[in-house]
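So this block is coords31.cif, mmCIF, C-alpha atoms:
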data_input
loop_
_atom_site.group_PDB
_atom_site.id
_atom_site.type_symbol
_atom_site.label_atom_id
_atom_site.label_comp_id
_atom_site.auth_asym_id
_atom_site.auth_seq_id
_atom_site.Cartn_x
_atom_site.Cartn_y
_atom_site.Cartn_z
ATOM 1 C CA MET B 1 131.766 218.173 -49.457
ATOM 2 C CA ARG B 2 132.630 220.497 -52.355
ATOM 3 C CA LYS B 3 128.997 221.637 -52.528
ATOM 4 C CA THR B 4 129.027 222.455 -48.796
ATOM 5 C CA ILE B 5 132.245 224.455 -49.084
ATOM 6 C CA GLY B 6 130.892 226.253 -52.104
ATOM 7 C CA LEU B 7 127.655 227.135 -50.324
ATOM 8 C CA ALA B 8 129.563 228.476 -47.298
ATOM 9 C CA ALA B 9 131.726 230.608 -49.568
ATOM 10 C CA ILE B 10 128.643 232.048 -51.253
ATOM 11 C CA LEU B 11 127.051 232.883 -47.860
ATOM 12 C CA LEU B 12 130.205 234.553 -46.570
ATOM 13 C CA PHE B 13 130.469 236.571 -49.757
ATOM 14 C CA SER B 14 126.798 237.553 -49.440
ATOM 15 C CA VAL B 15 127.209 238.756 -45.824
ATOM 16 C CA SER B 16 130.368 240.649 -46.739
ATOM 17 C CA ALA B 17 128.658 242.220 -49.724
ATOM 18 C CA GLN B 18 125.680 243.315 -47.615
ATOM 19 C CA ALA B 19 128.009 244.886 -45.058
ATOM 20 C CA GLN B 20 129.791 246.799 -47.804
ATOM 21 C CA ILE B 21 126.458 247.986 -49.212
ATOM 22 C CA PHE B 22 125.293 249.193 -45.754
ATOM 23 C CA ASP B 23 128.600 250.995 -45.205
ATOM 24 C CA ALA B 24 128.227 252.678 -48.592
ATOM 25 C CA ILE B 25 124.657 253.771 -47.747
ATOM 26 C CA LYS B 26 125.744 255.168 -44.352
ATOM 27 C CA SER B 27 128.607 257.052 -46.022
ATOM 28 C CA LYS B 28 126.278 258.512 -48.666
ATOM 29 C CA VAL B 29 123.752 259.625 -46.013
ATOM 30 C CA LYS B 30 126.501 261.316 -43.995
ATOM 31 C CA ASP B 31 127.866 263.097 -47.101
ATOM 32 C CA ARG B 32 124.449 264.450 -48.127
ATOM 33 C CA THR B 33 122.786 265.120 -44.743
ATOM 34 C CA GLY B 34 125.612 265.299 -42.216
ATOM 35 C CA ILE B 35 123.899 262.592 -40.130
ATOM 36 C CA ASP B 36 126.203 259.866 -38.813
ATOM 37 C CA LEU B 37 124.144 256.681 -38.544
ATOM 38 C CA ASN B 38 126.860 255.091 -36.380
ATOM 39 C CA ALA B 39 126.637 257.805 -33.695
ATOM 40 C CA PRO B 40 124.507 257.452 -30.484
ATOM 41 C CA VAL B 41 120.887 258.511 -30.904
ATOM 42 C CA LYS B 42 120.299 262.105 -29.847
ATOM 43 C CA THR B 43 117.018 263.800 -29.074
ATOM 44 C CA THR B 44 116.524 267.536 -29.348
ATOM 45 C CA THR B 45 114.153 269.445 -27.085
ATOM 46 C CA ASN B 46 113.078 273.001 -27.927
ATOM 47 C CA THR B 47 112.674 275.009 -24.725
ATOM 48 C CA GLY B 48 111.418 278.147 -26.493
ATOM 49 C CA THR B 49 114.542 280.263 -26.141
ATOM 50 C CA SER B 50 117.144 277.577 -26.566
ATOM 51 C CA THR B 51 117.548 274.073 -27.857
ATOM 52 C CA ALA B 52 118.848 271.331 -25.551
ATOM 53 C CA THR B 53 120.430 268.156 -26.886
ATOM 54 C CA THR B 54 120.501 265.003 -24.755
ATOM 55 C CA THR B 55 122.363 261.782 -25.437
ATOM 56 C CA THR B 56 120.481 258.593 -24.593
ATOM 57 C CA THR B 57 122.580 255.597 -23.665
ATOM 58 C CA LYS B 58 121.878 251.995 -22.771
ATOM 59 C CA THR B 59 122.406 250.818 -19.184
ATOM 60 C CA GLN B 60 121.832 247.415 -17.620
ATOM 61 C CA ASN B 61 119.828 247.060 -14.448
ATOM 62 C CA ALA B 62 120.526 244.492 -11.713
ATOM 63 C CA SER B 63 118.653 241.848 -13.718
ATOM 64 C CA GLY B 64 120.819 242.424 -16.785
ATOM 65 C CA ILE B 65 117.967 243.998 -18.786
ATOM 66 C CA ASN B 66 118.927 246.858 -21.088
ATOM 67 C CA PHE B 67 116.833 250.009 -21.043
ATOM 68 C CA PRO B 68 117.333 253.645 -22.116
ATOM 69 C CA VAL B 69 118.262 255.992 -19.271
ATOM 70 C CA ASN B 70 119.166 259.623 -19.032
ATOM 71 C CA THR B 71 121.250 260.481 -15.986
ATOM 72 C CA GLY B 72 122.246 263.810 -17.507
ATOM 73 C CA SER B 73 125.502 265.105 -16.072
ATOM 74 C CA LEU B 74 125.386 262.954 -12.928
ATOM 75 C CA THR B 75 128.659 261.349 -11.926
ATOM 76 C CA SER B 76 128.982 258.046 -10.081
ATOM 77 C CA THR B 77 130.128 260.038 -7.049
ATOM 78 C CA GLN B 78 126.929 262.128 -7.092
ATOM 79 C CA ILE B 79 124.766 259.047 -7.502
ATOM 80 C CA SER B 80 126.601 257.335 -4.638
ATOM 81 C CA SER B 81 126.134 260.425 -2.447
ATOM 82 C CA GLY B 82 122.416 260.541 -3.225
ATOM 83 C CA LEU B 83 121.942 256.873 -2.399
ATOM 84 C CA LYS B 84 123.868 257.201 0.861
ATOM 85 C CA GLU B 85 121.820 260.237 1.859
ATOM 86 C CA ALA B 86 118.578 258.373 1.195
ATOM 87 C CA LEU B 87 119.786 255.450 3.317
ATOM 88 C CA SER B 88 120.949 257.764 6.109
ATOM 89 C CA LEU B 89 117.561 259.478 6.194
ATOM 90 C CA GLY B 90 115.885 256.085 6.322
ATOM 91 C CA VAL B 91 118.016 254.993 9.278
ATOM 92 C CA THR B 92 117.548 258.261 11.180
ATOM 93 C CA GLU B 93 113.770 258.329 10.740
ATOM 94 C CA GLY B 94 113.430 254.567 11.213
ATOM 95 C CA VAL B 95 115.346 254.551 14.497
ATOM 96 C CA LYS B 96 113.324 257.541 15.702
ATOM 97 C CA LYS B 97 110.028 255.738 15.044
ATOM 98 C CA LEU B 98 111.169 252.390 16.434
ATOM 99 C CA GLY B 99 112.985 253.705 19.513
ATOM 100 C CA VAL B 100 109.853 254.694 21.426
ATOM 101 C CA THR B 101 107.391 252.737 23.552
ATOM 102 C CA ASP B 102 105.452 250.398 21.238
ATOM 103 C CA GLY B 103 107.700 251.361 18.306
ATOM 104 C CA PHE B 104 108.163 247.663 17.618
ATOM 105 C CA LEU B 105 105.261 246.162 19.546
ATOM 106 C CA LYS B 106 102.495 248.140 17.795
ATOM 107 C CA ASN B 107 104.071 248.120 14.327
ATOM 108 C CA GLU B 108 102.936 244.906 12.639
ATOM 109 C CA ALA B 109 105.631 245.236 9.946
ATOM 110 C CA VAL B 110 108.448 244.866 12.494
ATOM 111 C CA LYS B 111 106.834 243.429 15.636
ATOM 112 C CA ILE B 112 109.008 240.708 17.180
ATOM 113 C CA LEU B 113 107.009 237.540 17.702
ATOM 114 C CA MET B 114 107.722 234.467 19.785
ATOM 115 C CA PRO B 115 110.771 232.683 18.316
ATOM 116 C CA GLU B 116 109.519 230.020 15.921
ATOM 117 C CA LYS B 117 111.225 227.165 17.778
ATOM 118 C CA LEU B 118 109.505 228.301 20.999
ATOM 119 C CA ARG B 119 105.976 228.822 19.670
ATOM 120 C CA LYS B 120 104.984 225.462 21.092
ATOM 121 C CA ILE B 121 105.756 227.036 24.480
ATOM 122 C CA ASP B 122 103.223 229.757 23.742
ATOM 123 C CA THR B 123 100.531 227.173 22.930
ATOM 124 C CA THR B 124 101.324 225.073 25.983
ATOM 125 C CA LEU B 125 101.373 227.989 28.436
ATOM 126 C CA ARG B 126 98.031 229.257 27.161
ATOM 127 C CA SER B 127 96.544 225.777 27.507
ATOM 128 C CA ILE B 128 97.426 225.727 31.218
ATOM 129 C CA GLY B 129 96.223 229.266 31.920
ATOM 130 C CA LEU B 130 99.570 231.067 31.651
ATOM 131 C CA GLY B 131 98.767 233.109 28.536
ATOM 132 C CA SER B 132 99.608 236.344 30.340
ATOM 133 C CA LEU B 133 103.148 235.097 30.961
ATOM 134 C CA ALA B 134 103.545 234.324 27.243
ATOM 135 C CA ASP B 135 102.236 237.787 26.358
ATOM 136 C CA GLN B 136 104.649 239.371 28.799
ATOM 137 C CA GLY B 137 107.535 237.442 27.228
ATOM 138 C CA VAL B 138 106.729 238.757 23.729
ATOM 139 C CA LYS B 139 106.140 242.284 25.035
ATOM 140 C CA LEU B 140 109.557 242.402 26.690
ATOM 141 C CA LEU B 141 111.314 241.164 23.556
ATOM 142 C CA ASN B 142 109.885 244.193 21.773
ATOM 143 C CA ARG B 143 110.716 246.487 24.688
ATOM 144 C CA ALA B 144 114.331 245.317 24.489
ATOM 145 C CA ALA B 145 114.393 246.075 20.753
ATOM 146 C CA GLU B 146 112.863 249.523 21.341
ATOM 147 C CA ASP B 147 115.524 250.282 23.914
ATOM 148 C CA ALA B 148 118.472 248.875 21.962
ATOM 149 C CA VAL B 149 117.596 250.433 18.616
ATOM 150 C CA THR B 150 118.308 253.922 19.950
ATOM 151 C CA GLU B 151 121.988 252.895 19.920
ATOM 152 C CA ALA B 152 121.793 251.696 16.325
ATOM 153 C CA ALA B 153 122.002 254.962 14.369
ATOM 154 C CA PRO B 154 125.798 255.477 14.618
ATOM 155 C CA ILE B 155 126.434 251.823 13.734
ATOM 156 C CA PHE B 156 124.232 251.999 10.638
ATOM 157 C CA THR B 157 125.544 255.427 9.639
ATOM 158 C CA LYS B 158 129.137 254.196 9.766
ATOM 159 C CA ALA B 159 128.210 251.227 7.611
ATOM 160 C CA ILE B 160 126.521 253.515 5.075
ATOM 161 C CA THR B 161 129.287 256.106 4.815
ATOM 162 C CA SER B 162 132.037 253.505 4.528
ATOM 163 C CA MET B 163 130.389 251.388 1.844
ATOM 164 C CA THR B 164 131.685 251.513 -1.716
ATOM 165 C CA ILE B 165 129.098 251.509 -4.487
ATOM 166 C CA THR B 166 130.818 250.256 -7.619
ATOM 167 C CA ASP B 167 127.574 249.765 -9.472
ATOM 168 C CA ALA B 168 125.909 253.054 -8.537
ATOM 169 C CA LYS B 169 123.801 253.516 -11.666
ATOM 170 C CA ASN B 170 122.437 249.974 -11.586
ATOM 171 C CA ILE B 171 121.414 250.418 -7.946
ATOM 172 C CA LEU B 172 119.828 253.808 -8.665
ATOM 173 C CA LEU B 173 117.867 252.407 -11.595
ATOM 174 C CA GLY B 174 116.942 249.163 -9.862
ATOM 175 C CA SER B 175 113.919 248.233 -7.750
ATOM 176 C CA ASP B 176 112.377 250.423 -5.044
ATOM 177 C CA ASN B 177 114.667 249.035 -2.338
ATOM 178 C CA SER B 178 117.820 248.184 -4.325
ATOM 179 C CA ALA B 179 120.073 250.410 -2.196
ATOM 180 C CA THR B 180 118.652 248.962 1.041
ATOM 181 C CA ASN B 181 119.161 245.409 -0.208
ATOM 182 C CA TYR B 182 122.694 246.255 -1.272
ATOM 183 C CA LEU B 183 123.502 247.738 2.137
ATOM 184 C CA GLN B 184 121.934 244.823 3.999
ATOM 185 C CA GLY B 185 123.838 242.258 1.959
ATOM 186 C CA LYS B 186 127.135 244.027 2.503
ATOM 187 C CA THR B 187 126.818 244.935 6.188
ATOM 188 C CA GLN B 188 124.470 242.485 7.931
ATOM 189 C CA SER B 189 127.194 240.449 9.640
ATOM 190 C CA GLN B 190 129.187 243.511 10.748
ATOM 191 C CA LEU B 191 126.049 245.172 12.085
ATOM 192 C CA PHE B 192 125.131 242.016 14.006
ATOM 193 C CA THR B 193 128.542 241.865 15.694
ATOM 194 C CA ALA B 194 128.444 245.551 16.638
ATOM 195 C CA PHE B 195 124.803 245.585 17.747
ATOM 196 C CA GLN B 196 124.563 242.329 19.718
ATOM 197 C CA PRO B 197 126.082 243.763 22.954
ATOM 198 C CA LYS B 198 123.513 246.597 22.852
ATOM 199 C CA VAL B 199 120.657 244.117 22.639
ATOM 200 C CA LYS B 200 122.060 241.959 25.444
ATOM 201 C CA ALA B 201 122.216 245.002 27.719
ATOM 202 C CA SER B 202 118.639 245.968 26.811
ATOM 203 C CA LEU B 203 117.293 242.453 27.479
ATOM 204 C CA GLY B 204 118.661 242.768 31.009
ATOM 205 C CA LYS B 205 117.557 246.375 31.394
ATOM 206 C CA VAL B 206 113.870 245.663 30.669
ATOM 207 C CA GLY B 207 113.887 242.344 32.539
ATOM 208 C CA ALA B 208 113.252 240.210 29.479
ATOM 209 C CA ASP B 209 116.013 237.758 30.356
ATOM 210 C CA LYS B 210 114.458 236.949 33.754
ATOM 211 C CA VAL B 211 110.914 236.670 32.415
ATOM 212 C CA TRP B 212 112.036 234.329 29.654
ATOM 213 C CA SER B 213 114.071 232.220 32.048
ATOM 214 C CA ASN B 214 110.935 231.798 34.169
ATOM 215 C CA LEU B 215 108.776 231.157 31.111
ATOM 216 C CA ILE B 216 111.039 228.427 29.722
ATOM 217 C CA SER B 217 111.514 226.904 33.166
ATOM 218 C CA LYS B 218 107.756 226.523 33.657
ATOM 219 C CA TYR B 219 107.410 224.964 30.208
ATOM 220 C CA ASN B 220 110.231 222.510 30.804
ATOM 221 C CA THR B 221 108.782 221.547 34.191
ATOM 222 C CA PHE B 222 105.328 220.962 32.712
ATOM 223 C CA THR B 223 106.500 218.986 29.671
ATOM 224 C CA GLY B 224 109.635 217.329 31.037
ATOM 225 C CA GLN B 225 111.639 218.788 28.161
ATOM 226 C CA ALA B 226 114.804 220.908 28.147
ATOM 227 C CA VAL B 227 114.135 223.738 25.708
ATOM 228 C CA THR B 228 116.691 226.526 25.371
ATOM 229 C CA THR B 229 117.179 229.420 22.979
ATOM 230 C CA ASP B 230 119.563 232.303 22.395
ATOM 231 C CA LEU B 231 117.284 235.306 22.835
ATOM 232 C CA ASN B 232 120.144 237.720 22.335
ATOM 233 C CA GLU B 233 120.889 236.414 18.839
ATOM 234 C CA TYR B 234 117.193 236.284 17.934
ATOM 235 C CA VAL B 235 116.327 239.819 19.113
ATOM 236 C CA THR B 236 119.503 241.253 17.541
ATOM 237 C CA THR B 237 118.596 239.807 14.150
ATOM 238 C CA GLU B 238 114.971 240.912 14.385
ATOM 239 C CA THR B 239 115.919 244.434 15.497
ATOM 240 C CA ILE B 240 118.345 244.870 12.600
ATOM 241 C CA ASN B 241 115.768 243.523 10.149
ATOM 242 C CA GLY B 242 113.232 245.968 11.565
ATOM 243 C CA VAL B 243 115.499 248.924 10.886
ATOM 244 C CA PHE B 244 116.145 247.720 7.338
ATOM 245 C CA LYS B 245 112.399 247.474 6.718
ATOM 246 C CA MET B 246 112.023 251.111 7.756
ATOM 247 C CA VAL B 247 114.973 252.117 5.555
ATOM 248 C CA ALA B 248 113.406 250.295 2.601
ATOM 249 C CA GLN B 249 110.125 252.166 3.138
ATOM 250 C CA LYS B 250 111.987 255.481 3.121
ATOM 251 C CA GLU B 251 113.981 254.596 0.019
ATOM 252 C CA SER B 252 110.821 253.608 -1.829
ATOM 253 C CA GLY B 253 109.169 256.872 -0.799
ATOM 254 C CA ILE B 254 112.089 258.972 -2.038
ATOM 255 C CA ARG B 255 112.184 257.085 -5.326
ATOM 256 C CA ASN B 256 108.457 257.435 -6.022
ATOM 257 C CA THR B 257 107.456 260.689 -4.307
ATOM 258 C CA PRO B 258 109.328 263.843 -5.405
ATOM 259 C CA ALA B 259 108.026 265.717 -2.347
ATOM 260 C CA MET B 260 110.076 263.392 -0.122
ATOM 261 C CA ARG B 261 113.313 264.487 -1.793
ATOM 262 C CA THR B 262 114.103 267.161 0.743
ATOM 263 C CA THR B 263 117.661 268.014 -0.325
ATOM 264 C CA SER B 264 119.192 269.154 -3.608
ATOM 265 C CA ILE B 265 121.255 265.969 -4.037
ATOM 266 C CA LEU B 266 118.168 263.787 -3.556
ATOM 267 C CA GLN B 267 116.238 265.891 -6.070
ATOM 268 C CA LYS B 268 119.037 265.739 -8.620
ATOM 269 C CA VAL B 269 119.887 262.060 -8.276
ATOM 270 C CA PHE B 270 116.424 260.541 -7.912
ATOM 271 C CA GLY B 271 114.942 262.948 -10.437
ATOM 272 C CA ALA B 272 117.165 261.235 -13.026
ATOM 273 C CA GLN B 273 115.524 257.851 -12.395
ATOM 274 C CA ASP B 274 111.930 259.079 -12.638
ATOM 275 C CA GLY B 275 111.639 258.095 -16.275
ATOM 276 C CA LYS B 276 113.542 254.836 -16.088
#

Hey, can you dump this file as structure tokens for me?
Amino acid sequence: MRKTIGLAAILLFSVSAQAQIFDAIKSKVKDRTGIDLNAPVKTTTNTGTSTATTTTTKTQNASGINFPVNTGSLTSTQISSGLKEALSLGVTEGVKKLGVTDGFLKNEAVKILMPEKLRKIDTTLRSIGLGSLADQGVKLLNRAAEDAVTEAAPIFTKAITSMTITDAKNILLGSDNSATNYLQGKTQSQLFTAFQPKVKASLGKVGADKVWSNLISKYNTFTGQAVTTDLNEYVTTETINGVFKMVAQKESGIRNTPAMRTTSILQKVFGAQDGK
């Protein structure tokens, strides 16, 4: 026991002594060179006519990994504004591309397919020569989304402008679609509630509700089953997901392609993350 205590005392003394030695060395270096070894690392860049000094700090990304970043004089407010502008551009352009004939139907990334629980209907109808009815059902789901999505921009824009980004730098320096993922996680349920009535109206407008009622009725008659589904909920979810996919594409483009940064705030904010 006494040996253990003695060994611990020696180790503590050794650590303390080393710390004192390091402090003495740092003090001596500062006295002779003026360099403070405890200060943040600074890099000096000679621009020819003037010398610019930049402080490099450590920031954690969303995964908790530390890496050196240089956001210059950007404030959290500026970063938040840049992220919101990128998301707003993504929504505006995404809605414009999706809200036309075949905007959903001919875009494989967002095309709305037969609901998974009803895909057995598709197989059955094709087996009895009613493939065209199944095709018409899928087509009208996409037509409803193309019609409804034109009403989406104000709903998405409100969600973007009202969101609070408390972790702006981590989102800026995260993955290519960090801001989109953040927005989707924070607003999906509110967007669904606001957008569902638009989709319901569009399903009726394009005749999708009647076609699907006929389609399911024929299937139930043929198989003796009683299949039902909530098309409104399904198309609402798929339409919202489609817009978010377009927003993510835009965000990725702005992050990785300087030419897509069409405003000064986008250039300033996303230029800071180029060397992350």

Just so the selection is clear, what residues does the PyMOL selection byres ((chain B and resi 188) around 10) cover here, as a PyMOL selection string? chain B and resi 156+159+183-187+189-193+237+240-241+244

Within 12 Å of Ile254 of chain B, counting all atoms listed in the file, which residues qualify if same-chain residues fewer than 5 places away don't, as number ranges by chain? B: 82-83, 85-87, 89-90, 172, 176-177, 179, 247-249, 259-263, 265-271, 273-274

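Note that the spacing between atom CA of Trp212 of chain B and atom CA of Glu233 of chain B amounts to 14.1 Å.
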
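Distance annotation: of B:Ala148, B:Leu231, B:Val91, B:Leu133, the residue with the minimal separation from Ile160 of chain B is B:Val91; atom set is all atoms listed in the file.
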
Using only C-alpha atoms, find each residue in segment 188-234 of chain B having at least one atom no more than 9 Å away from segment 112-127 of chain B; report its shortest atom-to-atom pair and that distance in Å (one decimal), rows by chain then rising number, as CSV.
residue,atom,partner,partner_atom,distance
B:Leu215,CA,B:Ile121,CA,8.4
B:Ile216,CA,B:Ile121,CA,7.6
B:Lys218,CA,B:Leu125,CA,8.4
B:Tyr219,CA,B:Ile121,CA,6.3
B:Asn220,CA,B:Ile121,CA,9.0
B:Phe222,CA,B:Thr124,CA,8.8
B:Thr223,CA,B:Thr124,CA,8.8
B:Val227,CA,B:Leu118,CA,8.0
B:Thr228,CA,B:Leu118,CA,8.6
B:Thr229,CA,B:Leu118,CA,8.0
B:Leu231,CA,B:Pro115,CA,8.3
B:Tyr234,CA,B:Pro115,CA,7.4

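Note that atom CA of Glu251 of chain B and atom CA of Val199 of chain B are 25.8 Å apart.
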
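Interatomic distance, atom CA of Lys139 of chain B against atom CA of Glu238 of chain B: 13.9 Å.
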
Because the input lacks atoms here, generate N, CA, C and O atoms for segment 204-226 of chain B and report them as a PDB file, in the coordinates of the input.
ATOM      1  N   GLY B 204     118.524 242.726  29.553  1.00  0.00           N
ATOM      2  CA  GLY B 204     118.661 242.768  31.009  1.00  0.00           C
ATOM      3  C   GLY B 204     117.999 243.994  31.595  1.00  0.00           C
ATOM      4  O   GLY B 204     117.362 243.924  32.662  1.00  0.00           O
ATOM      5  N   LYS B 205     118.109 245.105  30.910  1.00  0.00           N
ATOM      6  CA  LYS B 205     117.557 246.375  31.394  1.00  0.00           C
ATOM      7  C   LYS B 205     116.043 246.314  31.566  1.00  0.00           C
ATOM      8  O   LYS B 205     115.496 246.820  32.564  1.00  0.00           O
ATOM      9  N   VAL B 206     115.342 245.711  30.603  1.00  0.00           N
ATOM     10  CA  VAL B 206     113.870 245.663  30.669  1.00  0.00           C
ATOM     11  C   VAL B 206     113.372 244.417  31.391  1.00  0.00           C
ATOM     12  O   VAL B 206     112.159 244.236  31.574  1.00  0.00           O
ATOM     13  N   GLY B 207     114.287 243.542  31.793  1.00  0.00           N
ATOM     14  CA  GLY B 207     113.887 242.344  32.539  1.00  0.00           C
ATOM     15  C   GLY B 207     113.443 241.191  31.669  1.00  0.00           C
ATOM     16  O   GLY B 207     112.880 240.211  32.172  1.00  0.00           O
ATOM     17  N   ALA B 208     113.695 241.272  30.383  1.00  0.00           N
ATOM     18  CA  ALA B 208     113.252 240.210  29.479  1.00  0.00           C
ATOM     19  C   ALA B 208     113.974 238.899  29.756  1.00  0.00           C
ATOM     20  O   ALA B 208     113.381 237.817  29.636  1.00  0.00           O
ATOM     21  N   ASP B 209     115.251 238.984  30.117  1.00  0.00           N
ATOM     22  CA  ASP B 209     116.013 237.758  30.356  1.00  0.00           C
ATOM     23  C   ASP B 209     115.429 236.955  31.516  1.00  0.00           C
ATOM     24  O   ASP B 209     115.300 235.732  31.446  1.00  0.00           O
ATOM     25  N   LYS B 210     115.020 237.645  32.586  1.00  0.00           N
ATOM     26  CA  LYS B 210     114.458 236.949  33.754  1.00  0.00           C
ATOM     27  C   LYS B 210     113.079 236.371  33.449  1.00  0.00           C
ATOM     28  O   LYS B 210     112.760 235.235  33.846  1.00  0.00           O
ATOM     29  N   VAL B 211     112.262 237.151  32.761  1.00  0.00           N
ATOM     30  CA  VAL B 211     110.914 236.670  32.415  1.00  0.00           C
ATOM     31  C   VAL B 211     111.013 235.441  31.524  1.00  0.00           C
ATOM     32  O   VAL B 211     110.286 234.451  31.725  1.00  0.00           O
ATOM     33  N   TRP B 212     111.911 235.468  30.557  1.00  0.00           N
ATOM     34  CA  TRP B 212     112.036 234.329  29.654  1.00  0.00           C
ATOM     35  C   TRP B 212     112.644 233.118  30.346  1.00  0.00           C
ATOM     36  O   TRP B 212     112.297 231.973  30.029  1.00  0.00           O
ATOM     37  N   SER B 213     113.509 233.339  31.284  1.00  0.00           N
ATOM     38  CA  SER B 213     114.071 232.220  32.048  1.00  0.00           C
ATOM     39  C   SER B 213     112.958 231.529  32.830  1.00  0.00           C
ATOM     40  O   SER B 213     112.867 230.292  32.872  1.00  0.00           O
ATOM     41  N   ASN B 214     112.077 232.326  33.420  1.00  0.00           N
ATOM     42  CA  ASN B 214     110.935 231.798  34.169  1.00  0.00           C
ATOM     43  C   ASN B 214     109.962 231.086  33.240  1.00  0.00           C
ATOM     44  O   ASN B 214     109.452 230.005  33.552  1.00  0.00           O
ATOM     45  N   LEU B 215     109.725 231.707  32.072  1.00  0.00           N
ATOM     46  CA  LEU B 215     108.776 231.157  31.111  1.00  0.00           C
ATOM     47  C   LEU B 215     109.246 229.790  30.616  1.00  0.00           C
ATOM     48  O   LEU B 215     108.469 228.811  30.594  1.00  0.00           O
ATOM     49  N   ILE B 216     110.499 229.687  30.238  1.00  0.00           N
ATOM     50  CA  ILE B 216     111.039 228.427  29.722  1.00  0.00           C
ATOM     51  C   ILE B 216     111.114 227.378  30.829  1.00  0.00           C
ATOM     52  O   ILE B 216     110.855 226.184  30.606  1.00  0.00           O
ATOM     53  N   SER B 217     111.434 227.833  32.034  1.00  0.00           N
ATOM     54  CA  SER B 217     111.514 226.904  33.166  1.00  0.00           C
ATOM     55  C   SER B 217     110.158 226.258  33.441  1.00  0.00           C
ATOM     56  O   SER B 217     110.072 225.037  33.660  1.00  0.00           O
ATOM     57  N   LYS B 218     109.100 227.064  33.411  1.00  0.00           N
ATOM     58  CA  LYS B 218     107.756 226.523  33.657  1.00  0.00           C
ATOM     59  C   LYS B 218     107.374 225.535  32.564  1.00  0.00           C
ATOM     60  O   LYS B 218     106.772 224.485  32.840  1.00  0.00           O
ATOM     61  N   TYR B 219     107.724 225.856  31.318  1.00  0.00           N
ATOM     62  CA  TYR B 219     107.410 224.964  30.208  1.00  0.00           C
ATOM     63  C   TYR B 219     108.154 223.643  30.347  1.00  0.00           C
ATOM     64  O   TYR B 219     107.568 222.566  30.200  1.00  0.00           O
ATOM     65  N   ASN B 220     109.432 223.725  30.673  1.00  0.00           N
ATOM     66  CA  ASN B 220     110.231 222.510  30.804  1.00  0.00           C
ATOM     67  C   ASN B 220     109.736 221.631  31.950  1.00  0.00           C
ATOM     68  O   ASN B 220     109.711 220.397  31.857  1.00  0.00           O
ATOM     69  N   THR B 221     109.310 222.286  33.039  1.00  0.00           N
ATOM     70  CA  THR B 221     108.782 221.547  34.191  1.00  0.00           C
ATOM     71  C   THR B 221     107.484 220.830  33.829  1.00  0.00           C
ATOM     72  O   THR B 221     107.271 219.660  34.187  1.00  0.00           O
ATOM     73  N   PHE B 222     106.635 221.518  33.084  1.00  0.00           N
ATOM     74  CA  PHE B 222     105.328 220.962  32.712  1.00  0.00           C
ATOM     75  C   PHE B 222     105.465 219.831  31.707  1.00  0.00           C
ATOM     76  O   PHE B 222     104.741 218.828  31.777  1.00  0.00           O
ATOM     77  N   THR B 223     106.393 219.959  30.763  1.00  0.00           N
ATOM     78  CA  THR B 223     106.500 218.986  29.671  1.00  0.00           C
ATOM     79  C   THR B 223     107.619 217.966  29.875  1.00  0.00           C
ATOM     80  O   THR B 223     107.674 216.957  29.175  1.00  0.00           O
ATOM     81  N   GLY B 224     108.515 218.231  30.833  1.00  0.00           N
ATOM     82  CA  GLY B 224     109.635 217.329  31.037  1.00  0.00           C
ATOM     83  C   GLY B 224     110.711 217.479  29.971  1.00  0.00           C
ATOM     84  O   GLY B 224     111.602 216.627  29.840  1.00  0.00           O
ATOM     85  N   GLN B 225     110.646 218.551  29.204  1.00  0.00           N
ATOM     86  CA  GLN B 225     111.639 218.788  28.161  1.00  0.00           C
ATOM     87  C   GLN B 225     112.734 219.734  28.671  1.00  0.00           C
ATOM     88  O   GLN B 225     112.683 220.215  29.799  1.00  0.00           O
ATOM     89  N   ALA B 226     113.707 220.001  27.788  1.00  0.00           N
ATOM     90  CA  ALA B 226     114.804 220.908  28.147  1.00  0.00           C
ATOM     91  C   ALA B 226     115.028 221.888  26.988  1.00  0.00           C
ATOM     92  O   ALA B 226     116.017 221.809  26.261  1.00  0.00           O
TER      93      ALA B 226
END
